[in-house]
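So this one's work26.cif, mmCIF, N, CA and C atoms and all ligand atoms:
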```cif
data_protein
#
loop_
_atom_site.label_atom_id
_atom_site.label_comp_id
_atom_site.auth_asym_id
_atom_site.auth_seq_id
_atom_site.Cartn_x
_atom_site.Cartn_y
_atom_site.Cartn_z
N MET A 16 -175.71 26.23 -11.67
CA MET A 16 -176.35 24.91 -11.63
C MET A 16 -177.33 24.85 -10.45
N LYS A 17 -178.55 24.40 -10.72
CA LYS A 17 -179.54 24.28 -9.64
C LYS A 17 -179.28 22.99 -8.87
N LEU A 18 -179.79 22.98 -7.63
CA LEU A 18 -179.64 21.78 -6.80
C LEU A 18 -180.20 20.55 -7.51
N SER A 19 -181.35 20.70 -8.13
CA SER A 19 -181.97 19.55 -8.81
C SER A 19 -181.07 19.04 -9.94
N ASP A 20 -180.38 19.97 -10.64
CA ASP A 20 -179.45 19.55 -11.70
C ASP A 20 -178.27 18.78 -11.10
N CYS A 21 -177.80 19.32 -9.98
CA CYS A 21 -176.65 18.71 -9.30
C CYS A 21 -177.00 17.30 -8.81
N LEU A 22 -178.18 17.17 -8.24
CA LEU A 22 -178.61 15.85 -7.76
C LEU A 22 -178.72 14.88 -8.93
N ARG A 23 -179.28 15.35 -10.02
CA ARG A 23 -179.48 14.49 -11.18
C ARG A 23 -178.14 14.06 -11.76
N GLU A 24 -177.22 15.00 -11.89
CA GLU A 24 -175.96 14.69 -12.57
C GLU A 24 -174.94 13.99 -11.65
N PHE A 25 -174.87 14.46 -10.39
CA PHE A 25 -173.80 13.94 -9.51
C PHE A 25 -174.33 13.17 -8.30
N GLN A 26 -175.65 13.10 -8.14
CA GLN A 26 -176.28 12.45 -6.98
C GLN A 26 -175.80 13.04 -5.65
N THR A 27 -175.42 14.32 -5.70
CA THR A 27 -175.00 14.98 -4.46
C THR A 27 -175.34 16.47 -4.56
N GLY A 28 -175.06 17.21 -3.51
CA GLY A 28 -175.33 18.64 -3.52
C GLY A 28 -176.29 19.08 -2.44
N GLY A 29 -176.89 18.14 -1.76
CA GLY A 29 -177.81 18.48 -0.67
C GLY A 29 -177.71 17.44 0.42
N LEU A 30 -178.44 17.66 1.49
CA LEU A 30 -178.46 16.70 2.59
C LEU A 30 -179.79 15.94 2.60
N ARG A 31 -179.70 14.66 2.89
CA ARG A 31 -180.89 13.81 2.88
C ARG A 31 -181.70 14.02 4.16
N CYS A 32 -183.01 13.97 4.04
CA CYS A 32 -183.86 14.01 5.24
C CYS A 32 -183.60 12.79 6.11
N THR A 33 -183.92 12.89 7.38
CA THR A 33 -183.76 11.76 8.29
C THR A 33 -184.77 10.67 7.92
N PRO A 34 -184.54 9.42 8.34
CA PRO A 34 -185.48 8.36 8.02
C PRO A 34 -186.87 8.60 8.60
N ASP A 35 -186.98 9.45 9.65
CA ASP A 35 -188.32 9.79 10.12
C ASP A 35 -188.83 11.06 9.42
N ASP A 36 -188.24 11.33 8.26
CA ASP A 36 -188.73 12.34 7.31
C ASP A 36 -188.67 13.78 7.82
N LYS A 37 -187.63 14.07 8.59
CA LYS A 37 -187.42 15.46 9.03
C LYS A 37 -186.20 16.01 8.29
N PRO A 38 -186.21 17.33 8.00
CA PRO A 38 -185.02 17.91 7.35
C PRO A 38 -183.80 17.73 8.25
N PHE A 39 -182.66 17.48 7.64
CA PHE A 39 -181.43 17.37 8.43
C PHE A 39 -181.14 18.75 9.02
N GLY A 40 -181.03 18.82 10.32
CA GLY A 40 -180.96 20.13 11.00
C GLY A 40 -179.58 20.75 10.99
N ASP A 41 -179.51 21.98 11.49
CA ASP A 41 -178.23 22.68 11.61
C ASP A 41 -177.42 22.17 12.80
N VAL A 42 -178.12 21.58 13.77
CA VAL A 42 -177.44 21.07 14.97
C VAL A 42 -177.55 19.55 14.96
N ILE A 43 -176.40 18.90 15.11
CA ILE A 43 -176.38 17.43 15.12
C ILE A 43 -176.21 16.97 16.55
N LEU A 44 -177.17 16.23 17.06
CA LEU A 44 -177.06 15.69 18.41
C LEU A 44 -175.86 14.76 18.49
N SER A 45 -175.08 14.90 19.55
CA SER A 45 -173.95 13.99 19.72
C SER A 45 -173.71 13.75 21.20
N GLU A 46 -172.67 13.01 21.48
CA GLU A 46 -172.36 12.61 22.85
C GLU A 46 -170.88 12.24 22.89
N ARG A 47 -170.36 12.07 24.10
CA ARG A 47 -169.01 11.51 24.23
C ARG A 47 -169.06 10.07 23.70
N THR A 48 -167.99 9.64 23.03
CA THR A 48 -167.99 8.26 22.52
C THR A 48 -168.18 7.29 23.69
N PRO A 49 -169.24 6.47 23.64
CA PRO A 49 -169.53 5.57 24.77
C PRO A 49 -168.39 4.59 25.04
N GLN A 50 -168.27 4.21 26.31
CA GLN A 50 -167.21 3.27 26.72
C GLN A 50 -167.30 1.97 25.94
N LEU A 51 -168.52 1.50 25.68
CA LEU A 51 -168.70 0.25 24.94
C LEU A 51 -168.00 0.32 23.59
N GLU A 52 -168.16 1.46 22.91
CA GLU A 52 -167.53 1.62 21.59
C GLU A 52 -166.02 1.79 21.73
N ARG A 53 -165.59 2.49 22.79
CA ARG A 53 -164.14 2.64 22.99
C ARG A 53 -163.48 1.30 23.35
N ASP A 54 -164.24 0.42 24.00
CA ASP A 54 -163.71 -0.92 24.29
C ASP A 54 -163.55 -1.73 23.00
N ILE A 55 -164.43 -1.49 22.05
CA ILE A 55 -164.37 -2.22 20.77
C ILE A 55 -163.21 -1.71 19.92
N ALA A 56 -163.06 -0.39 19.86
CA ALA A 56 -162.10 0.22 18.94
C ALA A 56 -161.23 1.22 19.69
N GLY A 57 -160.04 0.80 20.04
CA GLY A 57 -159.15 1.66 20.83
C GLY A 57 -158.37 2.65 20.00
N HIS A 58 -159.08 3.45 19.21
CA HIS A 58 -158.41 4.49 18.42
C HIS A 58 -158.53 5.81 19.18
N PRO A 59 -157.45 6.61 19.24
CA PRO A 59 -157.49 7.84 20.04
C PRO A 59 -158.50 8.88 19.55
N SER A 60 -158.96 8.74 18.31
CA SER A 60 -159.89 9.75 17.77
C SER A 60 -161.23 9.13 17.38
N LEU A 61 -161.62 8.11 18.10
CA LEU A 61 -162.87 7.39 17.78
C LEU A 61 -164.09 8.29 17.94
N LYS A 62 -164.97 8.30 16.92
CA LYS A 62 -166.20 9.10 16.97
C LYS A 62 -167.39 8.18 17.28
N PRO A 63 -168.42 8.74 17.96
CA PRO A 63 -169.56 7.90 18.35
C PRO A 63 -170.43 7.48 17.16
N GLN A 64 -170.93 6.26 17.22
CA GLN A 64 -171.83 5.76 16.18
C GLN A 64 -173.09 6.61 16.07
N SER A 65 -173.58 7.11 17.17
CA SER A 65 -174.81 7.92 17.14
C SER A 65 -174.63 9.15 16.26
N PHE A 66 -173.46 9.76 16.30
CA PHE A 66 -173.16 10.94 15.49
C PHE A 66 -172.92 10.54 14.03
N LEU A 67 -172.07 9.54 13.84
CA LEU A 67 -171.67 9.18 12.48
C LEU A 67 -172.82 8.62 11.66
N ARG A 68 -173.73 7.90 12.29
CA ARG A 68 -174.87 7.35 11.53
C ARG A 68 -175.75 8.47 10.98
N GLN A 69 -175.90 9.54 11.74
CA GLN A 69 -176.66 10.69 11.24
C GLN A 69 -175.95 11.32 10.05
N VAL A 70 -174.63 11.49 10.17
CA VAL A 70 -173.87 12.19 9.14
C VAL A 70 -173.81 11.38 7.84
N VAL A 71 -173.54 10.09 7.95
CA VAL A 71 -173.42 9.30 6.71
C VAL A 71 -174.78 9.16 6.03
N HIS A 72 -175.84 9.10 6.80
CA HIS A 72 -177.17 9.05 6.19
C HIS A 72 -177.44 10.33 5.41
N ALA A 73 -177.12 11.47 6.00
CA ALA A 73 -177.39 12.77 5.36
C ALA A 73 -176.50 12.99 4.14
N ALA A 74 -175.32 12.37 4.14
CA ALA A 74 -174.32 12.68 3.10
C ALA A 74 -174.67 12.12 1.72
N LEU A 75 -175.58 11.15 1.66
CA LEU A 75 -175.99 10.61 0.37
C LEU A 75 -177.45 10.99 0.14
N PRO A 76 -177.70 12.15 -0.47
CA PRO A 76 -179.06 12.70 -0.53
C PRO A 76 -180.07 11.81 -1.22
N LEU A 77 -179.64 11.00 -2.17
CA LEU A 77 -180.57 10.10 -2.85
C LEU A 77 -180.43 8.67 -2.33
N GLY A 78 -179.58 8.49 -1.31
CA GLY A 78 -179.36 7.14 -0.79
C GLY A 78 -178.57 6.27 -1.74
N GLU A 79 -177.93 6.90 -2.73
CA GLU A 79 -177.14 6.16 -3.73
C GLU A 79 -175.68 6.56 -3.60
N GLY A 80 -174.81 5.69 -4.07
CA GLY A 80 -173.39 6.03 -4.06
C GLY A 80 -172.66 5.41 -2.87
N PHE A 81 -171.45 5.90 -2.65
CA PHE A 81 -170.57 5.33 -1.64
C PHE A 81 -170.14 6.41 -0.65
N ILE A 82 -170.06 6.03 0.60
CA ILE A 82 -169.38 6.83 1.61
C ILE A 82 -167.90 6.48 1.53
N VAL A 83 -167.05 7.46 1.36
CA VAL A 83 -165.60 7.22 1.31
C VAL A 83 -164.95 7.96 2.47
N ASP A 84 -164.23 7.21 3.29
CA ASP A 84 -163.48 7.82 4.38
C ASP A 84 -161.99 7.56 4.15
N PRO A 85 -161.27 8.55 3.62
CA PRO A 85 -159.85 8.33 3.31
C PRO A 85 -158.95 8.35 4.53
N PHE A 86 -159.52 8.62 5.70
CA PHE A 86 -158.76 8.64 6.96
C PHE A 86 -159.52 7.78 7.96
N MET A 87 -159.58 6.48 7.70
CA MET A 87 -160.55 5.59 8.33
C MET A 87 -160.30 5.32 9.80
N GLY A 88 -159.05 5.36 10.23
CA GLY A 88 -158.76 5.01 11.63
C GLY A 88 -159.28 3.63 11.95
N SER A 89 -160.13 3.53 12.97
CA SER A 89 -160.65 2.23 13.38
C SER A 89 -161.88 1.81 12.57
N GLY A 90 -162.27 2.62 11.61
CA GLY A 90 -163.37 2.23 10.73
C GLY A 90 -164.75 2.62 11.23
N SER A 91 -164.83 3.58 12.14
CA SER A 91 -166.13 3.93 12.72
C SER A 91 -167.09 4.50 11.67
N THR A 92 -166.59 5.27 10.73
CA THR A 92 -167.46 5.82 9.68
C THR A 92 -167.97 4.69 8.77
N ILE A 93 -167.09 3.76 8.50
CA ILE A 93 -167.47 2.61 7.66
C ILE A 93 -168.54 1.78 8.37
N ALA A 94 -168.35 1.57 9.67
CA ALA A 94 -169.35 0.83 10.44
C ALA A 94 -170.69 1.55 10.43
N ALA A 95 -170.66 2.88 10.57
CA ALA A 95 -171.90 3.66 10.57
C ALA A 95 -172.60 3.55 9.22
N ALA A 96 -171.84 3.61 8.14
CA ALA A 96 -172.42 3.49 6.81
C ALA A 96 -173.06 2.11 6.64
N GLU A 97 -172.35 1.08 7.03
CA GLU A 97 -172.90 -0.28 6.92
C GLU A 97 -174.16 -0.42 7.76
N ALA A 98 -174.15 0.20 8.94
CA ALA A 98 -175.30 0.08 9.86
C ALA A 98 -176.57 0.65 9.27
N ILE A 99 -176.43 1.70 8.45
CA ILE A 99 -177.64 2.28 7.86
C ILE A 99 -177.87 1.79 6.43
N GLY A 100 -177.07 0.81 6.01
CA GLY A 100 -177.33 0.17 4.72
C GLY A 100 -176.67 0.83 3.53
N SER A 101 -175.62 1.65 3.77
CA SER A 101 -174.91 2.30 2.65
C SER A 101 -173.61 1.56 2.34
N HIS A 102 -173.21 1.65 1.09
CA HIS A 102 -171.91 1.11 0.70
C HIS A 102 -170.82 2.08 1.14
N SER A 103 -169.63 1.56 1.41
CA SER A 103 -168.57 2.44 1.89
C SER A 103 -167.19 1.88 1.54
N ILE A 104 -166.24 2.81 1.51
CA ILE A 104 -164.84 2.45 1.26
C ILE A 104 -164.00 3.21 2.28
N GLY A 105 -163.10 2.51 2.94
CA GLY A 105 -162.22 3.16 3.91
C GLY A 105 -160.76 2.98 3.52
N ILE A 106 -159.97 4.00 3.81
CA ILE A 106 -158.52 3.96 3.55
C ILE A 106 -157.82 4.35 4.84
N GLU A 107 -156.80 3.60 5.19
CA GLU A 107 -156.04 3.93 6.40
C GLU A 107 -154.55 3.72 6.15
N ARG A 108 -153.77 4.67 6.60
CA ARG A 108 -152.33 4.67 6.36
C ARG A 108 -151.59 3.62 7.18
N PHE A 109 -152.00 3.46 8.44
CA PHE A 109 -151.23 2.58 9.34
C PHE A 109 -151.85 1.20 9.42
N PHE A 110 -151.01 0.19 9.21
CA PHE A 110 -151.50 -1.19 9.14
C PHE A 110 -152.14 -1.61 10.47
N ASP A 111 -151.61 -1.16 11.59
CA ASP A 111 -152.18 -1.53 12.89
C ASP A 111 -153.63 -1.06 12.99
N TYR A 112 -153.88 0.18 12.54
CA TYR A 112 -155.25 0.69 12.58
C TYR A 112 -156.13 -0.03 11.57
N TYR A 113 -155.56 -0.35 10.41
CA TYR A 113 -156.34 -1.13 9.43
C TYR A 113 -156.75 -2.47 10.04
N GLU A 114 -155.81 -3.14 10.70
CA GLU A 114 -156.14 -4.43 11.32
C GLU A 114 -157.19 -4.26 12.41
N LEU A 115 -157.05 -3.17 13.19
CA LEU A 115 -158.05 -2.87 14.21
C LEU A 115 -159.43 -2.71 13.57
N SER A 116 -159.48 -2.00 12.45
CA SER A 116 -160.77 -1.74 11.79
C SER A 116 -161.44 -3.04 11.34
N CYS A 117 -160.63 -4.00 10.91
CA CYS A 117 -161.21 -5.28 10.44
C CYS A 117 -161.97 -5.98 11.56
N VAL A 118 -161.49 -5.82 12.77
CA VAL A 118 -162.15 -6.44 13.92
C VAL A 118 -163.28 -5.53 14.44
N ALA A 119 -163.02 -4.22 14.42
CA ALA A 119 -163.96 -3.28 15.06
C ALA A 119 -165.22 -3.05 14.24
N ILE A 120 -165.10 -2.99 12.90
CA ILE A 120 -166.26 -2.62 12.07
C ILE A 120 -167.46 -3.55 12.31
N PRO A 121 -167.28 -4.88 12.25
CA PRO A 121 -168.46 -5.74 12.45
C PRO A 121 -169.09 -5.57 13.83
N LYS A 122 -168.27 -5.22 14.82
CA LYS A 122 -168.81 -5.03 16.17
C LYS A 122 -169.50 -3.68 16.30
N LEU A 123 -168.86 -2.62 15.77
CA LEU A 123 -169.44 -1.27 15.89
C LEU A 123 -170.77 -1.16 15.15
N LEU A 124 -170.87 -1.81 14.02
CA LEU A 124 -172.11 -1.63 13.24
C LEU A 124 -173.30 -2.24 13.94
N GLY A 125 -173.04 -3.11 14.90
CA GLY A 125 -174.15 -3.74 15.63
C GLY A 125 -174.52 -3.04 16.92
N VAL A 126 -173.80 -1.99 17.33
CA VAL A 126 -174.10 -1.39 18.64
C VAL A 126 -175.36 -0.54 18.58
N LYS A 127 -176.09 -0.57 19.67
CA LYS A 127 -177.21 0.36 19.82
C LYS A 127 -176.65 1.65 20.38
N THR A 128 -177.26 2.76 20.00
CA THR A 128 -176.78 4.04 20.49
C THR A 128 -177.67 4.52 21.63
N TYR A 129 -177.15 5.49 22.37
CA TYR A 129 -177.89 6.00 23.52
C TYR A 129 -178.82 7.14 23.15
N LEU A 130 -178.65 7.70 21.97
CA LEU A 130 -179.50 8.83 21.60
C LEU A 130 -180.93 8.35 21.32
N ALA A 131 -181.88 9.14 21.77
CA ALA A 131 -183.29 8.74 21.70
C ALA A 131 -183.86 8.97 20.31
N LYS A 132 -183.27 8.38 19.32
CA LYS A 132 -183.83 8.42 17.98
C LYS A 132 -183.95 6.98 17.53
N GLU A 133 -185.15 6.59 17.26
CA GLU A 133 -185.42 5.19 16.94
C GLU A 133 -184.53 4.68 15.80
N TRP A 134 -184.38 5.50 14.76
CA TRP A 134 -183.71 5.01 13.56
C TRP A 134 -182.21 4.86 13.75
N LEU A 135 -181.66 5.39 14.84
CA LEU A 135 -180.23 5.21 15.10
C LEU A 135 -179.93 3.90 15.80
N GLN A 136 -180.96 3.23 16.27
CA GLN A 136 -180.74 2.07 17.13
C GLN A 136 -180.34 0.81 16.37
N LEU A 137 -180.97 0.58 15.25
CA LEU A 137 -180.78 -0.70 14.57
C LEU A 137 -180.46 -0.48 13.09
N PRO A 138 -179.75 -1.41 12.48
CA PRO A 138 -179.53 -1.30 11.05
C PRO A 138 -180.86 -1.17 10.30
N LEU A 139 -180.86 -0.32 9.27
CA LEU A 139 -182.09 -0.07 8.52
C LEU A 139 -182.33 -1.15 7.46
N ILE A 140 -181.32 -1.96 7.19
CA ILE A 140 -181.47 -2.96 6.12
C ILE A 140 -182.11 -4.23 6.66
C1 LIG B 201 -158.91 11.44 13.01
S1 LIG B 201 -158.35 9.79 12.71
C2 LIG B 201 -159.82 8.99 12.18
C3 LIG B 201 -160.56 8.38 13.30
C4 LIG B 201 -161.79 7.62 12.87
N1 LIG B 201 -162.83 8.54 12.45
C5 LIG B 201 -162.26 6.75 13.99
O1 LIG B 201 -163.35 7.02 14.55
O2 LIG B 201 -161.56 5.80 14.33
C6 LIG B 201 -157.46 9.99 11.21
C7 LIG B 201 -156.80 8.72 10.69
O3 LIG B 201 -156.25 9.03 9.42
C8 LIG B 201 -155.05 8.28 9.27
N2 LIG B 201 -154.23 8.95 8.24
C9 LIG B 201 -153.43 10.05 8.38
N3 LIG B 201 -152.86 10.38 7.21
C10 LIG B 201 -153.32 9.50 6.29
C11 LIG B 201 -153.12 9.32 4.89
N4 LIG B 201 -152.30 10.12 4.21
N5 LIG B 201 -153.77 8.33 4.26
C12 LIG B 201 -154.60 7.50 4.95
N6 LIG B 201 -154.83 7.60 6.28
C13 LIG B 201 -154.21 8.58 6.94
C14 LIG B 201 -154.44 8.28 10.65
O4 LIG B 201 -153.57 7.18 10.82
C15 LIG B 201 -155.69 8.18 11.55
O5 LIG B 201 -155.95 6.84 11.91
#
```
What would you get if you wrote out this structure as structure tokens?
Amino acid sequence: MKLSDCLREFQTGGLRCTPDDKPFGDVILSERTPQLERDIAGHPSLKPQSFLRQVVHAALPLGEGFIVDPFMGSGSTIAAAEAIGSHSIGIERFFDYYELSCVAIPKLLGVKTYLAKEWLQLPLI
């Protein structure tokens, strides 16, 4: 199956270019999760919005479909998806973390990131 067939049939199979129209690279810029985000979501494995927004954008090559995170924790992936205008579904085993995510997601999706990429700063929608 060619990539074009895969994209047509399953809307997946490749990585989406960045919003500034560059190919998604082999190296993803990241950082330690900022204190501001750790203050919002006190999950021991919290990932930075700057990293997750790049990944969720790339994961939907046609910009269609849903980001699904079956191990949602505090909901950082869901917040990143919402921040760039993608639909998402999160699943979390522990009710305490689920409750944390309900509070954290609306706050995380609004944070500005420290990485010097314009499109990571604000929601694209
Ligand atoms: C690595 S953490 C995710 C952290 C998340 N990316 C964040 O930034 O907050 C993995 C999460 O998966 C949850 N988990 C583990 N087993 C699970 C299962 N079977 N179903 C759903 N969630 C599960 C854990 O409770 C934990 O919160």
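Counting all atoms listed in the file, the residue from A:Leu67, A:Leu77, A:Val42, A:Leu51 that sits nearest to Leu22 (chain A) is A:Leu77.
Candidate residues A:Gly100, A:Pro49, A:Gly125, A:Pro38 were compared for distance to Glu79 (chain A), and the nearest is A:Gly100, using only C-alpha atoms.
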- Message: Need to verify the contact set: Val126 (chain A), 12 Å, only C-alpha atoms, exclusion of same-chain residues closer than 2 positions in sequence. Can you return it as a ChimeraX atom specification?
- Response: /A:49-55,63-65,68,91,94-95,97-99,119-124,128-130,135-138
- Task: Name the residues of chain A that come out as alpha helix (DSSP H) in a backbone DSSP run; write them as a ChimeraX atom specification.
- Result: /A:18-25,50-55,64-74,91-98,110-123,133-136
- Message: Measuring between all atoms listed in the file, which one of A:Met87, A:Leu115, A:Leu61, A:Leu75 shows the shortest distance to Cys32 (chain A)?
- Response: A:Leu75
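As for atom N of Lys127 (chain A) and atom C of Leu30 (chain A), they are spaced 24.0 Å apart.
Considering only N, CA and C atoms and all ligand atoms, the residues that reside within 6.5 Å of ligand LIG 201 (chain B) can be listed as A:His58, A:Pro59, A:Ser60, A:Leu61, A:Lys62, A:Pro63, A:Pro85, A:Phe86, A:Met87, A:Gly88, A:Ser89, A:Gly90, A:Ser91, A:Thr92, A:Ile106, A:Glu107, A:Arg108, A:Phe109, A:Tyr112.
Considering the residues A:Asp36, A:Ala56, A:Lys17, A:Gly28 and counting all atoms listed in the file, Ser116 (chain A) has its shortest atom-to-atom contact with A:Ala56.
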- Query: What does the distance between atom N of Gln69 (chain A) and atom C of Tyr113 (chain A) come to in Å, to one decimal place?
  - Reply: 22.7 Å
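The coordinates place CA of Val71 (chain A) at 9.5 Å from CA of Arg31 (chain A).
Taking only chain A, the residues that DSSP calls strand (DSSP E) from the backbone come to A:Phe81, A:Ile82, A:Val83, A:Asp84, A:His102, A:Ser103, A:Ile104, A:Gly105.
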- In terms of all atoms listed in the file, the residue from A:Cys117, A:Ser19, A:Val83, A:Gly78 at minimal distance from Gly105 (chain A) is A:Val83
